[in-house]
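query.cif (mmCIF, C-alpha atoms)
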```
data_protein
loop_
_atom_site.label_atom_id
_atom_site.label_comp_id
_atom_site.auth_asym_id
_atom_site.auth_seq_id
_atom_site.Cartn_x
_atom_site.Cartn_y
_atom_site.Cartn_z
CA MET K 118 -17.92 -26.56 -46.38
CA GLY K 119 -15.66 -29.62 -46.01
CA ASP K 120 -12.99 -27.99 -48.20
CA THR K 121 -13.03 -24.67 -46.36
CA GLY K 122 -10.55 -23.74 -43.63
CA ILE K 123 -11.71 -22.40 -40.28
CA GLY K 124 -10.52 -18.86 -41.04
CA ALA K 125 -12.36 -18.56 -44.33
CA LEU K 126 -15.48 -20.15 -42.83
CA LEU K 127 -15.59 -17.68 -39.94
CA VAL K 128 -15.12 -14.74 -42.32
CA ARG K 129 -17.95 -16.06 -44.53
CA LEU K 130 -20.31 -16.52 -41.58
CA ARG K 131 -19.52 -13.09 -40.16
CA THR K 132 -19.73 -11.08 -43.39
CA ALA K 133 -22.99 -12.81 -44.36
CA ARG K 134 -24.50 -11.20 -41.28
CA GLY K 135 -22.80 -7.86 -41.83
CA TRP K 136 -21.09 -8.10 -38.44
CA SER K 137 -17.78 -6.70 -37.27
CA GLN K 138 -15.26 -8.88 -35.48
CA GLN K 139 -16.14 -7.07 -32.26
CA ARG K 140 -19.83 -7.90 -32.78
CA VAL K 141 -18.93 -11.61 -32.97
CA ALA K 142 -16.90 -11.23 -29.76
CA ASP K 143 -19.82 -9.48 -28.05
CA GLU K 144 -22.23 -12.26 -29.05
CA PHE K 145 -19.72 -14.85 -27.83
CA ASN K 146 -19.34 -13.07 -24.48
CA THR K 147 -23.10 -12.84 -24.03
CA LEU K 148 -23.48 -16.59 -24.47
CA GLU K 149 -20.50 -17.40 -22.28
CA GLY K 150 -21.57 -14.99 -19.55
CA ARG K 151 -18.15 -13.36 -19.38
CA SER K 152 -16.36 -10.51 -21.13
CA ALA K 153 -13.08 -12.16 -22.05
CA LYS K 154 -13.31 -12.48 -25.84
CA THR K 155 -12.25 -9.50 -27.99
CA GLY K 156 -12.60 -8.60 -31.64
CA LYS K 157 -8.83 -8.93 -31.91
CA GLU K 158 -9.07 -12.61 -30.96
CA ILE K 159 -11.81 -13.19 -33.55
CA GLY K 160 -9.46 -11.63 -36.11
CA ARG K 161 -6.75 -14.08 -35.13
CA TYR K 162 -9.14 -16.97 -35.67
CA GLU K 163 -10.01 -15.60 -39.10
CA ARG K 164 -6.34 -15.25 -40.06
CA GLU K 165 -5.69 -18.68 -38.56
CA ALA K 166 -3.01 -17.19 -36.36
CA ARG K 167 -4.97 -19.07 -33.72
CA ILE K 168 -7.17 -22.14 -34.06
CA PRO K 169 -10.24 -22.01 -31.77
CA VAL K 170 -10.22 -24.94 -29.35
CA PRO K 171 -13.37 -27.13 -29.03
CA TYR K 172 -14.71 -25.08 -26.11
CA ALA K 173 -14.53 -21.87 -28.18
CA ARG K 174 -15.92 -23.62 -31.29
CA ASN K 175 -19.03 -24.68 -29.39
CA TYR K 176 -19.82 -21.05 -28.56
CA LEU K 177 -18.96 -19.84 -32.07
CA ALA K 178 -21.40 -22.42 -33.45
CA GLN K 179 -24.12 -20.97 -31.22
CA VAL K 180 -23.21 -17.42 -32.25
CA PHE K 181 -23.68 -18.28 -35.94
CA GLY K 182 -26.52 -20.77 -35.46
CA ILE K 183 -24.75 -23.70 -37.10
CA ASP K 184 -23.73 -27.21 -36.10
CA ALA K 185 -20.36 -27.31 -34.30
CA VAL K 186 -19.41 -30.25 -36.53
CA LEU K 187 -19.02 -27.82 -39.44
CA LEU K 188 -16.45 -25.84 -37.47
CA ASP K 189 -14.66 -29.05 -36.47
CA GLN K 190 -14.43 -30.08 -40.14
CA ALA K 191 -13.06 -26.65 -41.06
CA VAL K 192 -10.41 -26.94 -38.35
CA ALA K 193 -9.45 -30.39 -39.65
CA PHE K 194 -9.10 -28.96 -43.16
CA SER K 195 -6.91 -26.08 -41.90
CA ARG K 196 -4.69 -28.49 -40.04
CA SER K 197 -4.36 -30.76 -43.06
CA ARG K 198 -3.09 -27.81 -45.11
CA ARG K 199 -0.33 -27.32 -42.60
CA ASP K 200 1.06 -30.73 -43.55
CA GLY K 201 1.06 -31.95 -40.02
CA ALA K 202 2.74 -28.83 -38.63
CA GLY K 203 -0.20 -28.08 -36.35
CA THR K 204 -0.04 -29.06 -32.72
CA ALA K 205 -2.45 -31.34 -30.90
CA GLU K 206 -5.21 -29.45 -29.15
CA VAL K 207 -4.94 -29.28 -25.40
CA GLU K 208 -7.92 -28.24 -23.35
CA ILE K 209 -6.69 -26.15 -20.43
CA GLY K 210 -9.10 -26.10 -17.54
CA LEU K 211 -8.94 -22.38 -16.79
CA SER K 212 -10.52 -21.60 -20.18
CA ALA K 213 -13.99 -22.79 -19.17
CA PRO K 214 -16.23 -21.41 -16.41
CA MET K 215 -16.77 -23.75 -13.48
CA PRO K 216 -20.32 -25.09 -12.93
CA GLU K 217 -21.90 -24.00 -9.66
CA SER K 218 -22.06 -27.59 -8.40
CA SER K 219 -18.28 -27.74 -8.55
CA GLN K 220 -17.55 -24.58 -6.57
CA VAL K 221 -16.65 -26.53 -3.42
CA ARG K 222 -13.83 -28.18 -5.37
CA GLY K 223 -12.73 -24.91 -6.97
CA ASP K 224 -9.33 -24.61 -5.30
CA ALA K 225 -8.34 -28.19 -6.11
CA LEU K 226 -9.52 -27.91 -9.72
CA SER K 227 -7.74 -24.58 -10.22
CA ALA K 228 -4.52 -26.00 -8.79
CA ASP K 229 -4.83 -29.01 -11.07
CA ALA K 230 -5.39 -26.77 -14.11
CA VAL K 231 -2.27 -24.79 -13.21
CA GLN K 232 -0.25 -28.01 -13.36
CA SER K 233 -1.61 -28.72 -16.84
CA ALA K 234 -0.80 -25.22 -18.01
CA ASP K 235 2.70 -25.47 -16.56
CA PHE K 236 3.34 -28.71 -18.45
CA ALA K 237 2.17 -27.08 -21.68
CA ARG K 238 4.67 -24.30 -21.03
CA PHE K 239 7.38 -26.90 -20.38
CA ILE K 240 6.75 -28.32 -23.85
CA ALA K 241 6.74 -24.81 -25.27
CA GLN K 242 10.23 -24.10 -23.97
CA ARG K 243 11.36 -25.99 -27.05
CA ASN K 244 8.78 -24.54 -29.41
CA ALA K 245 6.18 -22.11 -28.03
CA ASP K 246 2.92 -23.03 -29.72
CA GLU K 247 -0.25 -21.01 -30.21
CA LEU K 248 -2.17 -22.78 -27.46
CA VAL K 249 0.44 -21.96 -24.84
CA VAL K 250 0.51 -18.32 -25.93
CA GLU K 251 -3.29 -18.19 -25.83
CA GLN K 252 -3.27 -19.66 -22.31
CA LEU K 253 -0.77 -17.04 -21.19
CA GLU K 254 -2.99 -14.28 -22.55
CA ALA K 255 -5.99 -15.78 -20.74
CA ASP K 256 -4.01 -15.92 -17.48
CA VAL K 257 -2.90 -12.31 -17.86
CA CYS K 258 -6.48 -11.17 -18.55
CA ARG K 259 -7.73 -13.05 -15.48
CA LEU K 260 -5.02 -11.62 -13.20
CA ALA K 261 -5.52 -8.10 -14.54
CA ARG K 262 -9.20 -8.25 -13.70
CA THR K 263 -8.95 -9.89 -10.27
CA TYR K 264 -6.03 -7.63 -9.30
CA VAL K 265 -8.31 -4.71 -8.48
CA SER K 266 -10.64 -6.67 -6.19
CA HIS K 267 -8.60 -9.51 -4.62
CA PRO K 268 -5.94 -9.42 -1.87
CA LEU K 269 -2.65 -8.26 -3.32
CA MET K 270 -0.41 -11.09 -2.14
CA GLU K 271 -2.79 -13.67 -3.62
CA GLN K 272 -2.01 -12.16 -7.01
CA TYR K 273 1.70 -11.51 -6.57
CA ILE K 274 2.87 -15.13 -6.47
CA GLU K 275 1.15 -16.06 -9.72
CA ILE K 276 2.15 -12.82 -11.46
CA LYS K 277 5.81 -13.52 -10.67
CA ARG K 278 5.56 -17.17 -11.73
CA LEU K 279 3.98 -16.32 -15.06
CA ARG K 280 6.33 -13.40 -15.71
CA ASP K 281 9.43 -15.52 -15.09
CA GLY K 282 7.96 -18.26 -17.31
CA VAL K 283 7.46 -15.81 -20.18
CA PHE K 284 11.03 -14.57 -19.79
CA GLU K 285 12.25 -18.16 -20.19
CA LEU K 286 10.10 -18.70 -23.28
CA LEU K 287 11.47 -15.54 -24.86
CA ARG K 288 15.02 -16.77 -24.26
CA GLY K 289 14.16 -19.77 -26.43
CA ARG K 290 12.97 -19.95 -30.02
CA GLN K 291 9.48 -19.54 -31.41
CA HIS K 292 7.67 -18.30 -34.50
CA PRO K 293 7.77 -14.50 -35.01
CA ARG K 294 4.05 -14.04 -34.37
CA GLN K 295 4.37 -15.95 -31.10
CA THR K 296 7.39 -13.88 -30.13
CA THR K 297 5.29 -10.75 -30.58
CA ASP K 298 2.51 -12.14 -28.39
CA LEU K 299 5.01 -13.26 -25.74
CA TYR K 300 6.61 -9.79 -25.59
CA LEU K 301 3.15 -8.30 -25.09
CA SER K 302 2.39 -10.77 -22.29
CA ALA K 303 5.79 -9.99 -20.74
CA SER K 304 5.01 -6.27 -20.89
CA ARG K 305 1.67 -6.75 -19.18
CA LEU K 306 3.08 -9.04 -16.50
CA CYS K 307 5.90 -6.57 -15.78
CA GLY K 308 3.21 -3.89 -15.62
CA LEU K 309 1.32 -5.96 -13.04
CA SER K 310 4.58 -6.42 -11.10
CA ALA K 311 5.07 -2.65 -11.16
CA HIS K 312 1.57 -2.20 -9.74
CA VAL K 313 2.29 -4.67 -6.93
CA CYS K 314 5.36 -2.65 -5.92
CA LEU K 315 3.46 0.61 -6.36
CA ASP K 316 0.69 -0.56 -4.03
CA LEU K 317 3.27 -1.72 -1.46
CA GLY K 318 5.06 1.62 -1.60
CA ASP K 319 8.30 0.21 -3.09
CA TYR K 320 8.55 2.88 -5.76
CA ASP K 321 12.11 2.12 -6.92
CA SER K 322 11.19 -1.49 -7.70
CA ALA K 323 7.98 -0.32 -9.35
CA ALA K 324 10.01 1.94 -11.62
CA THR K 325 12.33 -0.94 -12.56
CA HIS K 326 9.41 -3.19 -13.54
CA ALA K 327 7.84 -0.31 -15.46
CA ARG K 328 11.02 0.23 -17.48
CA THR K 329 11.08 -3.45 -18.42
CA ALA K 330 7.40 -3.31 -19.32
CA ARG K 331 8.14 -0.34 -21.58
CA ALA K 332 11.12 -2.12 -23.19
CA CYS K 333 8.93 -5.14 -24.00
CA ALA K 334 6.18 -2.92 -25.42
CA GLU K 335 8.72 -1.01 -27.51
CA ALA K 336 10.09 -4.28 -28.89
CA VAL K 337 6.72 -4.90 -30.57
CA ARG K 338 5.64 -1.23 -30.88
CA HIS K 339 2.42 -1.79 -28.99
CA GLU K 340 0.95 1.70 -28.65
CA GLY K 341 -1.61 0.70 -26.05
CA MET K 342 0.95 -0.74 -23.64
CA LEU K 343 3.38 2.11 -24.25
CA ALA K 344 0.65 4.55 -23.24
CA TRP K 345 -0.34 2.42 -20.22
CA VAL K 346 3.24 2.21 -18.97
CA ARG K 347 3.46 6.01 -19.11
CA ALA K 348 0.40 6.08 -16.86
CA VAL K 349 2.16 3.82 -14.34
CA GLU K 350 5.30 5.95 -14.50
CA SER K 351 3.13 9.01 -13.91
CA LEU K 352 1.63 7.33 -10.83
CA ILE K 353 5.09 6.51 -9.48
CA ALA K 354 6.19 10.13 -9.92
CA TYR K 355 2.97 11.37 -8.30
CA TRP K 356 3.30 9.22 -5.19
CA THR K 357 6.96 10.17 -4.77
CA GLY K 358 6.10 13.87 -4.76
CA ARG K 359 7.35 14.69 -8.28
CA TYR K 360 4.08 16.20 -9.45
CA GLU K 361 5.36 18.21 -12.42
CA GLN K 362 7.09 15.12 -13.77
CA ALA K 363 3.89 13.12 -13.21
CA ALA K 364 2.01 15.62 -15.36
CA ARG K 365 4.69 15.50 -18.09
CA LEU K 366 4.70 11.70 -18.18
CA ALA K 367 0.92 11.57 -18.47
CA LYS K 368 1.02 14.15 -21.26
CA ALA K 369 3.72 12.15 -23.05
CA GLY K 370 1.55 9.03 -22.84
CA ARG K 371 -1.30 10.85 -24.56
CA ARG K 372 0.86 11.13 -27.71
CA HIS K 373 0.54 7.40 -28.34
CA ARG K 374 -2.28 6.47 -30.68
CA ALA K 375 -4.00 3.88 -28.53
CA SER K 376 -7.57 2.66 -28.59
CA GLY K 377 -9.73 2.09 -25.54
CA SER K 378 -9.87 4.15 -22.36
CA ILE K 379 -6.17 4.86 -21.81
CA ALA K 380 -6.36 8.42 -23.24
CA ALA K 381 -9.02 9.31 -20.66
CA ARG K 382 -6.87 7.83 -17.90
CA LEU K 383 -3.77 9.76 -18.92
CA ALA K 384 -5.73 13.02 -19.08
CA GLY K 385 -7.13 12.29 -15.61
CA LEU K 386 -3.64 11.67 -14.25
CA GLU K 387 -2.36 14.88 -15.81
CA ALA K 388 -5.27 16.82 -14.30
CA ARG K 389 -4.62 15.46 -10.80
CA ALA K 390 -0.90 16.29 -10.93
CA LEU K 391 -1.47 19.79 -12.33
CA ALA K 392 -3.96 20.51 -9.56
CA ILE K 393 -1.35 19.69 -6.92
CA VAL K 394 1.21 22.15 -8.38
CA GLY K 395 -1.41 24.90 -8.41
CA ASP K 396 -2.22 24.95 -12.13
CA ALA K 397 -5.99 25.07 -11.67
CA THR K 398 -6.64 26.15 -15.26
CA GLY K 399 -4.55 23.32 -16.67
CA ALA K 400 -6.15 20.81 -14.31
CA ILE K 401 -9.71 21.75 -15.29
CA ALA K 402 -8.74 21.69 -18.98
CA ALA K 403 -7.23 18.20 -18.57
CA LEU K 404 -10.42 16.99 -16.85
CA SER K 405 -12.36 18.22 -19.88
CA ASP K 406 -9.89 16.38 -22.13
CA ALA K 407 -10.57 13.21 -20.14
CA GLU K 408 -14.31 13.58 -20.72
CA ARG K 409 -13.82 14.22 -24.43
CA SER K 410 -11.51 11.22 -24.70
CA ARG K 411 -14.16 9.06 -23.05
CA GLU K 412 -16.83 10.28 -25.47
CA ALA K 413 -14.57 9.76 -28.50
CA MET K 414 -13.24 6.41 -27.30
CA SER K 415 -12.50 4.09 -30.22
CA GLY K 416 -12.73 0.38 -29.57
CA ARG K 417 -12.71 -1.41 -26.26
CA ASP K 418 -9.88 -2.14 -23.87
CA ASP K 419 -8.07 -5.33 -24.89
CA VAL K 420 -7.67 -6.26 -21.22
CA LEU K 421 -9.93 -5.15 -18.38
CA GLY K 422 -9.20 -4.70 -14.68
CA VAL K 423 -6.01 -2.85 -13.89
CA PHE K 424 -5.36 -2.22 -17.60
CA GLY K 425 -8.74 -0.55 -18.09
CA PHE K 426 -10.10 2.79 -16.94
CA PRO K 427 -13.79 2.40 -16.07
CA VAL K 428 -16.10 5.37 -15.74
CA ALA K 429 -16.17 4.87 -11.96
CA LYS K 430 -12.40 5.37 -11.76
CA GLN K 431 -12.65 8.48 -13.91
CA PHE K 432 -15.11 9.97 -11.41
CA ALA K 433 -12.73 9.04 -8.57
CA TYR K 434 -9.81 10.81 -10.30
CA ALA K 435 -11.98 13.85 -10.95
CA GLY K 436 -12.96 14.01 -7.27
CA THR K 437 -9.34 14.01 -6.12
CA THR K 438 -8.44 16.67 -8.71
CA LEU K 439 -11.28 19.00 -7.80
CA LEU K 440 -10.44 18.78 -4.09
CA ALA K 441 -6.87 19.84 -4.92
CA VAL K 442 -8.10 22.74 -7.09
CA GLY K 443 -10.12 23.96 -4.12
CA GLY K 444 -12.85 26.56 -3.76
CA GLN K 445 -16.39 25.91 -2.59
CA GLU K 446 -17.81 25.13 -6.04
CA HIS K 447 -15.04 22.70 -6.91
CA VAL K 448 -15.24 21.00 -3.52
CA GLN K 449 -18.97 20.48 -4.00
CA GLN K 450 -18.28 19.00 -7.44
CA ALA K 451 -15.60 16.78 -5.89
CA VAL K 452 -18.09 15.43 -3.35
CA ALA K 453 -20.54 14.65 -6.15
CA SER K 454 -17.79 12.94 -8.21
CA ALA K 455 -16.60 10.82 -5.28
CA ASP K 456 -20.18 9.84 -4.47
CA MET K 457 -20.79 8.83 -8.10
CA ALA K 458 -17.59 6.76 -8.16
CA ILE K 459 -18.76 4.87 -5.08
CA ARG K 460 -22.20 4.26 -6.54
CA LEU K 461 -20.82 2.98 -9.85
CA TYR K 462 -18.34 0.65 -8.19
CA ARG K 463 -21.03 -0.73 -5.90
CA ARG K 464 -23.14 -1.59 -8.95
CA ALA K 465 -20.28 -3.35 -10.73
CA GLU K 466 -19.61 -7.08 -10.66
CA ASP K 467 -17.54 -8.24 -7.70
CA ASP K 468 -14.35 -8.71 -9.76
CA ASP K 469 -14.67 -5.15 -11.11
CA GLN K 470 -15.10 -3.45 -7.73
CA SER K 471 -11.70 -1.86 -7.30
CA VAL K 472 -10.98 -1.89 -3.58
CA GLY K 473 -8.31 0.78 -3.81
CA ASP K 474 -10.44 3.18 -5.83
CA LEU K 475 -13.44 2.63 -3.55
CA PHE K 476 -11.28 3.46 -0.51
CA ALA K 477 -9.87 6.54 -2.27
CA ALA K 478 -13.36 7.77 -3.17
CA HIS K 479 -14.56 7.30 0.43
CA VAL K 480 -11.58 9.29 1.74
CA ASP K 481 -12.21 12.05 -0.83
CA LEU K 482 -15.90 12.11 0.08
CA ALA K 483 -15.03 12.53 3.75
CA ARG K 484 -12.42 15.20 3.03
CA GLY K 485 -14.87 17.11 0.85
CA HIS K 486 -17.37 17.29 3.70
CA LEU K 487 -14.56 18.27 6.04
CA LEU K 488 -13.56 21.18 3.77
CA MET K 489 -17.18 22.32 3.74
CA GLY K 490 -17.08 22.43 7.54
CA ASP K 491 -19.31 19.39 8.00
CA LEU K 492 -17.86 16.99 10.57
CA GLU K 493 -21.12 15.08 10.99
CA GLY K 494 -21.12 11.68 9.39
CA ILE K 495 -17.45 11.73 8.33
CA GLU K 496 -16.59 8.71 10.46
CA GLU K 497 -19.48 6.82 8.89
CA MET K 498 -18.25 7.75 5.40
CA LEU K 499 -14.90 6.22 6.30
CA GLY K 500 -16.42 3.15 7.94
CA SER K 501 -15.72 0.74 5.09
CA VAL K 502 -12.10 1.94 4.96
CA LEU K 503 -11.37 1.95 8.69
CA GLY K 504 -13.08 -1.40 9.16
CA SER K 505 -11.18 -3.11 6.35
CA PRO K 506 -8.34 -5.61 7.01
CA PRO K 507 -5.05 -3.67 6.97
CA GLU K 508 -3.61 -5.89 4.22
CA ARG K 509 -6.25 -4.64 1.80
CA MET K 510 -4.88 -1.08 1.94
CA SER K 511 -2.29 0.14 -0.54
CA ALA K 512 0.49 2.57 0.29
CA SER K 513 -1.45 5.37 -1.41
CA ILE K 514 -4.48 4.80 0.83
CA VAL K 515 -2.23 4.86 3.89
CA SER K 516 -0.88 8.21 2.67
CA ARG K 517 -4.39 9.57 2.18
CA LEU K 518 -5.46 8.49 5.68
CA THR K 519 -2.31 9.99 7.19
CA ALA K 520 -2.88 13.30 5.41
CA LEU K 521 -6.54 13.44 6.46
CA GLY K 522 -5.60 12.74 10.07
CA LYS K 523 -3.05 15.55 9.98
CA GLU K 524 -5.67 17.89 8.55
CA LEU K 525 -8.06 17.09 11.40
CA GLY K 526 -5.42 18.39 13.83
CA GLY K 527 -5.59 21.87 12.30
CA PRO K 528 -6.47 24.92 14.39
CA GLN K 529 -9.79 25.39 12.55
CA TYR K 530 -11.20 22.43 14.45
CA GLY K 531 -10.17 23.84 17.81
CA GLY K 532 -9.43 20.48 19.34
CA ALA K 533 -13.05 19.34 18.97
CA ALA K 534 -13.56 15.94 20.59
CA GLN K 535 -15.12 14.51 17.42
CA ALA K 536 -12.16 15.61 15.30
CA ALA K 537 -9.65 14.32 17.86
CA HIS K 538 -11.36 10.91 18.04
CA LEU K 539 -11.46 10.52 14.26
CA ARG K 540 -7.85 11.65 13.94
CA GLU K 541 -6.79 8.98 16.43
CA ARG K 542 -8.67 6.29 14.48
CA LEU K 543 -7.09 7.39 11.21
CA GLN K 544 -3.58 7.37 12.65
CA HIS K 545 -4.10 3.94 14.24
CA THR K 546 -5.41 2.48 10.98
CA ALA K 547 -2.56 3.99 8.96
CA ILE K 548 0.04 2.49 11.31
CA LEU K 549 -1.54 -0.97 11.12
CA ALA K 550 -1.84 -0.83 7.33
CA SER K 551 1.62 0.55 6.53
CA PRO K 552 3.46 -1.98 4.33
CA PRO K 553 6.62 -3.12 6.12
CA THR K 554 8.82 -2.33 3.10
CA ALA K 555 7.23 1.00 2.29
CA HIS K 556 8.07 4.51 3.34
CA PRO K 557 5.62 6.50 1.19
CA PRO K 558 5.54 10.28 1.41
CA GLU K 559 2.53 12.01 2.82
CA SER K 560 -0.22 12.54 0.29
CA PRO K 561 -0.72 16.17 -0.73
CA THR K 562 -3.60 17.90 1.03
#
```
Any chance you could give the structure as structure tokens?
Amino acid sequence: MGDTGIGALLVRLRTARGWSQQRVADEFNTLEGRSAKTGKEIGRYEREARIPVPYARNYLAQVFGIDAVLLDQAVAFSRSRRDGAGTAEVEIGLSAPMPESSQVRGDALSADAVQSADFARFIAQRNADELVVEQLEADVCRLARTYVSHPLMEQYIEIKRLRDGVFELLRGRQHPRQTTDLYLSASRLCGLSAHVCLDLGDYDSAATHARTARACAEAVRHEGMLAWVRAVESLIAYWTGRYEQAARLAKAGRRHRASGSIAARLAGLEARALAIVGDATGAIAALSDAERSREAMSGRDDVLGVFGFPVAKQFAYAGTTLLAVGGQEHVQQAVASADMAIRLYRRAEDDDQSVGDLFAAHVDLARGHLLMGDLEGIEEMLGSVLGSPPERMSASIVSRLTALGKELGGPQYGGAAQAAHLRERLQHTAILASPPTAHPPESPT
């Protein structure tokens, strides 16, 4: 195999086993103990659009049951064919998982790895190479996943730094395939920036970032990101009280032919918005579309976390929609959906436990019991929300708590002491958690 390039060798090894590229990625992820590698990345290795670094080659050797030396020789042959045009391999620390014995030094090691990655980007300002682009994609994937479970401001600083760095790279010169990858990274980082503003209640800034994210996605005609940006724009419209527009934007996003879970998410967003404007029939139909989209889902999400739409989140959206539709049967279904969302998130890995969606499901669960006339246990259902640090609450959760507190002041509760006490707690928590820059509208009841 000494005269075989890495791409041809990987194709030969894969096809000999009758595997798909995604199967190779799945085997790789199982060995690594993560879920970062995708079939798309394996395809890039096979086309030699990317050369797997030594860390990745070690796992690929285990996947195929061969000596890693064979892969090293194939890489050397591929590089020799490029007549010296290939770049020296740089191992970037964030690519490899940290051994448990090193956890106490985690912050220092991560900071050191960031410096290495920044220097690689400095070099790339003159000629963005494949390793720098691959590192950017890895950083985006990591931030997208941790976004849903880590404090917001911890993420914001790095999102902004990476986004601005990608903008600078795109202002320079690079190979066309790297330009395409950089535009996709820029789109995702602008999408993350939009989510930061959305969660802080700065909806105008969120819309600006979303427009830039869409422009970057349109530049490379990436259907998945175009659909995802429509979902964000639908969220912005929803939380600014423009529910009909939110439904239209979600419906428009469903026209993009995108793989993964985005079609289910867009249908869920459309259902929730239609329920608010009183279109119960349309809302229930859209919920059914979301379920069908989930069942017919083709491929996996390229990036997890905030770019994915896990089953738990789908149950959370369904719960909110069914509460808005109203009626005893739908409220009971909403309670069951919210409860299932909570159960699924609690079973997920720590990085996949979306704090915002867990809070939303707890509020929906409490409101469902309230609508069924059951005040008992509501405060306990909200315990994890009310006891959380204020900085962990997004503007949408503050709106939900405010709306629930207002509902508890209704005449049907006759000034009951239990309702008055809970209302006071909700109002106090909402005031403490309100982002200083945000003035979100009240959530619909």
List every residue of range 419-482 of chain K that has an atom at most 12 Å from any atom of range 248-255 of chain K, and for each one report the closest atom pair and its distance in Å to one decimal, counting all atoms listed in the file, with rows sorted by chain and then by increasing residue number, as JSON lines.
```
{"residue": "K:Asp419", "atom": "CA", "partner": "K:Glu254", "partner_atom": "CA", "distance": 10.6}
{"residue": "K:Val420", "atom": "CA", "partner": "K:Glu254", "partner_atom": "CA", "distance": 9.4}
{"residue": "K:Leu421", "atom": "CA", "partner": "K:Ala255", "partner_atom": "CA", "distance": 11.6}
```
May I have the selected residues written with C-alpha atoms, as a PDB file, keeping the file's coordinate frame?
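The file below, result_11.pdb, is the result:
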```
ATOM      1  CA  ASP K 419      -8.070  -5.330 -24.890  1.00  0.00           C
ATOM      2  CA  VAL K 420      -7.670  -6.260 -21.220  1.00  0.00           C
ATOM      3  CA  LEU K 421      -9.930  -5.150 -18.380  1.00  0.00           C
TER       4      LEU K 421
END
```
Checklist entry - Counting all atoms listed in the file, what is within 10 Å of Asp469 in chain K, bar same-chain residues fewer than 5 positions away, as a list of chain:residue names? => result K:Arg262, K:Thr263, K:Tyr264, K:Val265, K:Ser266, K:His267, K:Leu421, K:Gly422, K:Val423, K:Pro427, K:Tyr462, K:Arg463, K:Arg464
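Separating CA of Glu163 in chain K from CA of Gly135 in chain K is a distance of 15.2 Å.
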Checklist outcome for this item: What separates CA of Met270 in chain K and CA of Gly436 in chain K is a distance of 28.5 Å
Next on the checklist: Residues within 9 Å of Glu361 in chain K, please, as a ChimeraX atom specification. Count all atoms listed in the file; anything in the same chain fewer than 2 positions from it doesn't count.
Outcome noted: /K:354-355,358-359,363-366,390-391,393-394
Could you get me a file of range 157-170 of chain K with N, CA and C atoms, as a PDB file, in the first residue's frame, taken from the block above?
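This is the output file result27.pdb:
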```pdb
ATOM      1  N   LYS K 157     -19.661  13.155   6.723  1.00  0.00           N
ATOM      2  CA  LYS K 157     -19.169  14.198   5.831  1.00  0.00           C
ATOM      3  C   LYS K 157     -17.657  14.365   5.973  1.00  0.00           C
ATOM      4  N   GLU K 158     -17.172  14.295   7.214  1.00  0.00           N
ATOM      5  CA  GLU K 158     -15.730  14.431   7.434  1.00  0.00           C
ATOM      6  C   GLU K 158     -14.976  13.235   6.859  1.00  0.00           C
ATOM      7  N   ILE K 159     -15.545  12.037   6.993  1.00  0.00           N
ATOM      8  CA  ILE K 159     -14.903  10.855   6.402  1.00  0.00           C
ATOM      9  C   ILE K 159     -14.822  11.028   4.890  1.00  0.00           C
ATOM     10  N   GLY K 160     -15.867  11.589   4.292  1.00  0.00           N
ATOM     11  CA  GLY K 160     -15.856  11.850   2.858  1.00  0.00           C
ATOM     12  C   GLY K 160     -14.752  12.818   2.460  1.00  0.00           C
ATOM     13  N   ARG K 161     -14.498  13.801   3.293  1.00  0.00           N
ATOM     14  CA  ARG K 161     -13.429  14.752   3.003  1.00  0.00           C
ATOM     15  C   ARG K 161     -12.066  14.071   3.056  1.00  0.00           C
ATOM     16  N   TYR K 162     -11.912  13.165   4.007  1.00  0.00           N
ATOM     17  CA  TYR K 162     -10.659  12.404   4.061  1.00  0.00           C
ATOM     18  C   TYR K 162     -10.485  11.589   2.772  1.00  0.00           C
ATOM     19  N   GLU K 163     -11.575  10.974   2.321  1.00  0.00           N
ATOM     20  CA  GLU K 163     -11.485  10.120   1.140  1.00  0.00           C
ATOM     21  C   GLU K 163     -11.211  10.936  -0.127  1.00  0.00           C
ATOM     22  N   ARG K 164     -11.703  12.153  -0.177  1.00  0.00           N
ATOM     23  CA  ARG K 164     -11.430  13.018  -1.337  1.00  0.00           C
ATOM     24  C   ARG K 164     -10.100  13.751  -1.192  1.00  0.00           C
ATOM     25  N   GLU K 165      -9.501  13.602  -0.022  1.00  0.00           N
ATOM     26  CA  GLU K 165      -8.262  14.295   0.332  1.00  0.00           C
ATOM     27  C   GLU K 165      -8.439  15.810   0.353  1.00  0.00           C
ATOM     28  N   ALA K 166      -9.691  16.228   0.597  1.00  0.00           N
ATOM     29  CA  ALA K 166      -9.923  17.641   0.883  1.00  0.00           C
ATOM     30  C   ALA K 166      -9.357  17.966   2.263  1.00  0.00           C
ATOM     31  N   ARG K 167      -9.281  16.935   3.085  1.00  0.00           N
ATOM     32  CA  ARG K 167      -8.640  17.028   4.394  1.00  0.00           C
ATOM     33  C   ARG K 167      -7.718  15.828   4.557  1.00  0.00           C
ATOM     34  N   ILE K 168      -6.608  16.042   5.240  1.00  0.00           N
ATOM     35  CA  ILE K 168      -5.710  14.942   5.578  1.00  0.00           C
ATOM     36  C   ILE K 168      -5.863  14.655   7.060  1.00  0.00           C
ATOM     37  N   PRO K 169      -6.248  13.436   7.457  1.00  0.00           N
ATOM     38  CA  PRO K 169      -6.414  13.152   8.888  1.00  0.00           C
ATOM     39  C   PRO K 169      -5.098  13.315   9.638  1.00  0.00           C
ATOM     40  N   VAL K 170      -5.133  14.046  10.743  1.00  0.00           N
ATOM     41  CA  VAL K 170      -3.938  14.245  11.553  1.00  0.00           C
ATOM     42  C   VAL K 170      -3.622  12.948  12.298  1.00  0.00           C
TER      43      VAL K 170
END
```
